[in-house]
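Colleague: One structure, as C-alpha cells, below. Some questions next.
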Amino acid sequence: MRCSSIAALVLCALASGAAHALTVTVRDRAGAAAEVVVALEPVGGAAAAPAVTEIIDQVDKRFTPRISVVRVGTSVSFPNSDRIRHEVYSFSPAKPFTLKLYAGRSAPPVVFDRAGLVVLGCNIHDSMVAFVAVVDTPYFGRTDAEGRVTINAPPGRYRLRVWHPDLDKAVPLQPLTLAPDTKPVAVEISRAPLPSTVGPWSE
Ligand SMILES: [Cu+2]
C-alpha cells in the first residue's frame with residue numbers, strides 16, 4: 001500500500017499501529033486538577049515490557065515525587081538524600097514491604113509486580129506519605145498544572161483510568177476506543193473536602 005492519499009495515510013497509520021496522541025483534561029470544582037494519574041489500559045492486557053527502574057527520593061522528610069505512576073514490573077529505588085535515616089514501608093495489598101531504617105542508597109530496589117495502589121509511609125516520620133499507582137500498561141501520565149496530559153498509544157480498545165489521592169469517590173473505568181479521529185477527553189473529579197483518607201482505586 002502506498003501512503004500518499006489522506007485515506008491511505010489513515011490506513012497506513014492503522015496498519016503500522018502508529019501511536020495516536022490522546023489528550024485528557026481533568027478538572028474539579030475549583031478548576032484544573034494537577035498531578036492526576038491517567039492511564040490507558042489495553043483491553044485484553046498489555047504486551048510484555050522490558051524492565052524499567054524509577055526513583056522515589058527522600059528529601060527534607062518528603063518523598064519526591066509524591067505521586068508516581070509506574071507499569072507493573074517496574075523496579076523502584078528509594079535513595080535517602082536526608083542526613084537522617086528513614087524506614088520506608090507499605091501495607092498496601094498490591095505491594096507490602098519494609099525497607100528497614102537506612103541512610104543513603106543502601107536500600108535494595110522494590111519491584112512493583114502487581115497492579116493497584118501502593119501507599120508509602122515512613123515508620124519514623126508520620127507526615128511522610130507518597131503514592132505509587134501501579135498500572136498494567138505502558139500508556140500513562142500525570143496531568144500538568146493545566147490539568148492536561150497527552151498519552152501516545154496505538155489504536156485499539158482501552159479502559160481509561162483516572163486517580164488522585166484526594167478523590168472522595170472512585171472515577172469509574174471508562175471504555176475508550178482509540179482511533180485517529182478520537183477526540184480529547186474531559187474528566188471531572190470530586191475532591192474530598194478534607195482529604196484525610198486515600199482516594200479509592202477503581203476496580
Ligand atoms: Cu522518615
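Residues are referred to by chain and number: the chain letter is A, B, ... according to the order shown in the C-alpha cells, the number counts from 1 in that chain, and ligands are numbered separately from 1 in the order shown.
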DSSP on the backbone: what in region 44-184 of chain A comes out strand (DSSP E), as an NGL selection string?

Modeller: :A and (53-55 or 57-59 or 62-64 or 67-71 or 74-77 or 86-90 or 97-102 or 110-112 or 116-122 or 129-135 or 140-142 or 148-153 or 156-163 or 174-178)

Colleague: Using only C-alpha atoms, tabulate the residues of region 52-80 of chain A lying at most 12 Å from any atom of region 137-156 of chain A, each with its closest atom pair and that distance in Å to one decimal, by chain and increasing residue number, as a tab-separated table.

Modeller:
residue	atom	partner	partner_atom	distance
A:Val52	CA	A:Pro138	CA	10.7
A:Pro65	CA	A:Arg142	CA	11.4
A:Arg66	CA	A:Arg142	CA	11.8
A:Ile67	CA	A:Arg142	CA	8.7
A:Ser68	CA	A:Arg142	CA	8.4
A:Val69	CA	A:Gly141	CA	7.0
A:Val70	CA	A:Pro138	CA	8.1
A:Arg71	CA	A:Thr137	CA	5.8
A:Val72	CA	A:Thr137	CA	7.5
A:Gly73	CA	A:Thr137	CA	10.4
A:Thr74	CA	A:Pro138	CA	10.6

Colleague: Mind dumping the selected residues with N, CA and C atoms as a short mmCIF file (atom, residue, chain, number, x, y, z; two decimals), in the first residue's frame?

Modeller:
data_model
loop_
_atom_site.label_atom_id
_atom_site.label_comp_id
_atom_site.auth_asym_id
_atom_site.auth_seq_id
_atom_site.Cartn_x
_atom_site.Cartn_y
_atom_site.Cartn_z
N VAL A 52 12.05 -1.67 33.80
CA VAL A 52 12.42 -0.25 33.92
C VAL A 52 12.73 0.02 35.39
N PRO A 65 9.07 11.99 43.71
CA PRO A 65 7.75 12.64 43.69
C PRO A 65 6.79 12.03 44.71
N ARG A 66 5.76 12.82 45.04
CA ARG A 66 4.76 12.34 45.99
C ARG A 66 3.81 11.35 45.29
N ILE A 67 3.55 11.58 44.02
CA ILE A 67 2.66 10.69 43.27
C ILE A 67 3.43 10.15 42.07
N SER A 68 3.59 8.83 42.02
CA SER A 68 4.25 8.19 40.89
C SER A 68 3.26 7.29 40.19
N VAL A 69 3.47 7.08 38.90
CA VAL A 69 2.70 6.06 38.19
C VAL A 69 3.72 5.23 37.42
N VAL A 70 3.65 3.92 37.64
CA VAL A 70 4.63 3.00 37.03
C VAL A 70 3.89 1.81 36.45
N ARG A 71 4.54 1.18 35.48
CA ARG A 71 3.98 -0.03 34.90
C ARG A 71 4.30 -1.23 35.80
N VAL A 72 3.42 -2.23 35.80
CA VAL A 72 3.68 -3.47 36.54
C VAL A 72 5.05 -4.00 36.12
N GLY A 73 5.85 -4.42 37.10
CA GLY A 73 7.17 -4.96 36.81
C GLY A 73 8.28 -3.94 36.99
N THR A 74 7.90 -2.67 37.26
CA THR A 74 8.91 -1.63 37.43
C THR A 74 9.62 -1.78 38.77
#

Colleague: Let me make sure I understand: among A:Ala179, A:Asp57, A:Pro195, A:Ala133, which one has the smallest atom-to-atom distance to Ala19 (chain A) if we use only C-alpha atoms?

Modeller: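 Going through A:Ala179, A:Asp57, A:Pro195, A:Ala133 one by one, the smallest distance to Ala19 (chain A) is for A:Ala179.
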
Colleague: Could you please extract the residues within 7 Å of ligand 1, counting only C-alpha atoms and all ligand atoms, and hand them back as a short mmCIF file (atom, residue, chain, number, x, y, z; two decimals) with N, CA and C atoms, in the first residue's frame?

Modeller:
data_model
loop_
_atom_site.label_atom_id
_atom_site.label_comp_id
_atom_site.auth_asym_id
_atom_site.auth_seq_id
_atom_site.Cartn_x
_atom_site.Cartn_y
_atom_site.Cartn_z
N LYS A 61 12.52 15.18 54.53
CA LYS A 61 11.44 14.40 55.12
C LYS A 61 10.19 14.38 54.23
N ARG A 85 17.96 8.97 59.09
CA ARG A 85 17.54 7.70 58.49
C ARG A 85 16.01 7.64 58.35
N HIS A 86 15.56 6.94 57.34
CA HIS A 86 14.14 6.71 57.13
C HIS A 86 13.88 5.21 57.08
N GLU A 87 12.62 4.84 57.35
CA GLU A 87 12.21 3.43 57.22
C GLU A 87 10.95 3.40 56.37
N CYS A 122 6.66 6.34 56.20
CA CYS A 122 7.94 6.17 56.88
C CYS A 122 7.63 5.88 58.34
N ASN A 123 8.24 4.83 58.88
CA ASN A 123 7.94 4.44 60.26
C ASN A 123 8.45 5.44 61.29
N ILE A 124 9.32 6.34 60.89
CA ILE A 124 9.88 7.32 61.83
C ILE A 124 9.12 8.65 61.73
N HIS A 125 8.74 9.02 60.51
CA HIS A 125 8.13 10.34 60.29
C HIS A 125 6.72 10.15 59.72
N MET A 128 5.37 11.71 56.44
CA MET A 128 5.85 11.30 55.11
C MET A 128 4.86 10.34 54.47
#

Colleague: Calculated over only C-alpha atoms, which of the candidates A:Pro50, A:Pro96, A:Pro184, A:Pro193 has the smallest distance to Lys169 (chain A)?

Modeller: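 Looking only at the distances to Lys169 (chain A), the closest residue turns out to be A:Pro193.
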
Colleague: To one decimal place in Å, what is the distance between CA of Gly104 (chain A) and CA of Glu54 (chain A)?

Modeller: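 Here the two named atoms are 16.3 Å from each other.
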
Colleague: Which distance in Å separates CA of Thr182 (chain A) and CA of Leu22 (chain A), to one decimal?

Modeller: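 Computing the Euclidean distance for CA of Thr182 (chain A) and CA of Leu22 (chain A) yields 7.4 Å.
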
Colleague: Name the residues in contact with Tyr102 (chain A) at a cut-off of 9 Å, using only C-alpha atoms, excluding same-chain residues fewer than 3 positions from it; report them as a PyMOL selection string.

Modeller: chain A and resi 80+84-88+99+105-107

Colleague: Quote the spacing between CA of Leu120 (chain A) and CA of Glu188 (chain A) in Å to one decimal place.

Modeller: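 CA of Leu120 (chain A) sits 26.4 Å away from CA of Glu188 (chain A).
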
Colleague: Write out as a ChimeraX atom specification the residues lying within 8 Å of Ile56 (chain A), counting only C-alpha atoms and excluding same-chain residues fewer than 6 positions away.

Modeller: /A:63-65,76-79

Colleague: Mind writing the picked residues with C-alpha atoms as a PDB file, in the first residue's frame?

Modeller:
ATOM      1  CA  PHE A  63       9.025  11.625  49.274  1.00  0.00           C
ATOM      2  CA  THR A  64       9.691  13.049  45.854  1.00  0.00           C
ATOM      3  CA  PRO A  65       7.751  12.639  43.685  1.00  0.00           C
ATOM      4  CA  VAL A  76      11.810   1.458  42.172  1.00  0.00           C
ATOM      5  CA  SER A  77      14.830   2.604  44.190  1.00  0.00           C
ATOM      6  CA  PHE A  78      14.340   4.648  47.301  1.00  0.00           C
ATOM      7  CA  PRO A  79      17.509   6.685  47.855  1.00  0.00           C
TER       8      PRO A  79
END

Colleague: At a cut-off of 8 Å, using only C-alpha atoms, what residues contact Ala170 (chain A)? Leave out same-chain residues fewer than 3 positions from it and give the result as a VMD selection string.

Modeller: chain A and resid 163 167 199 to 202
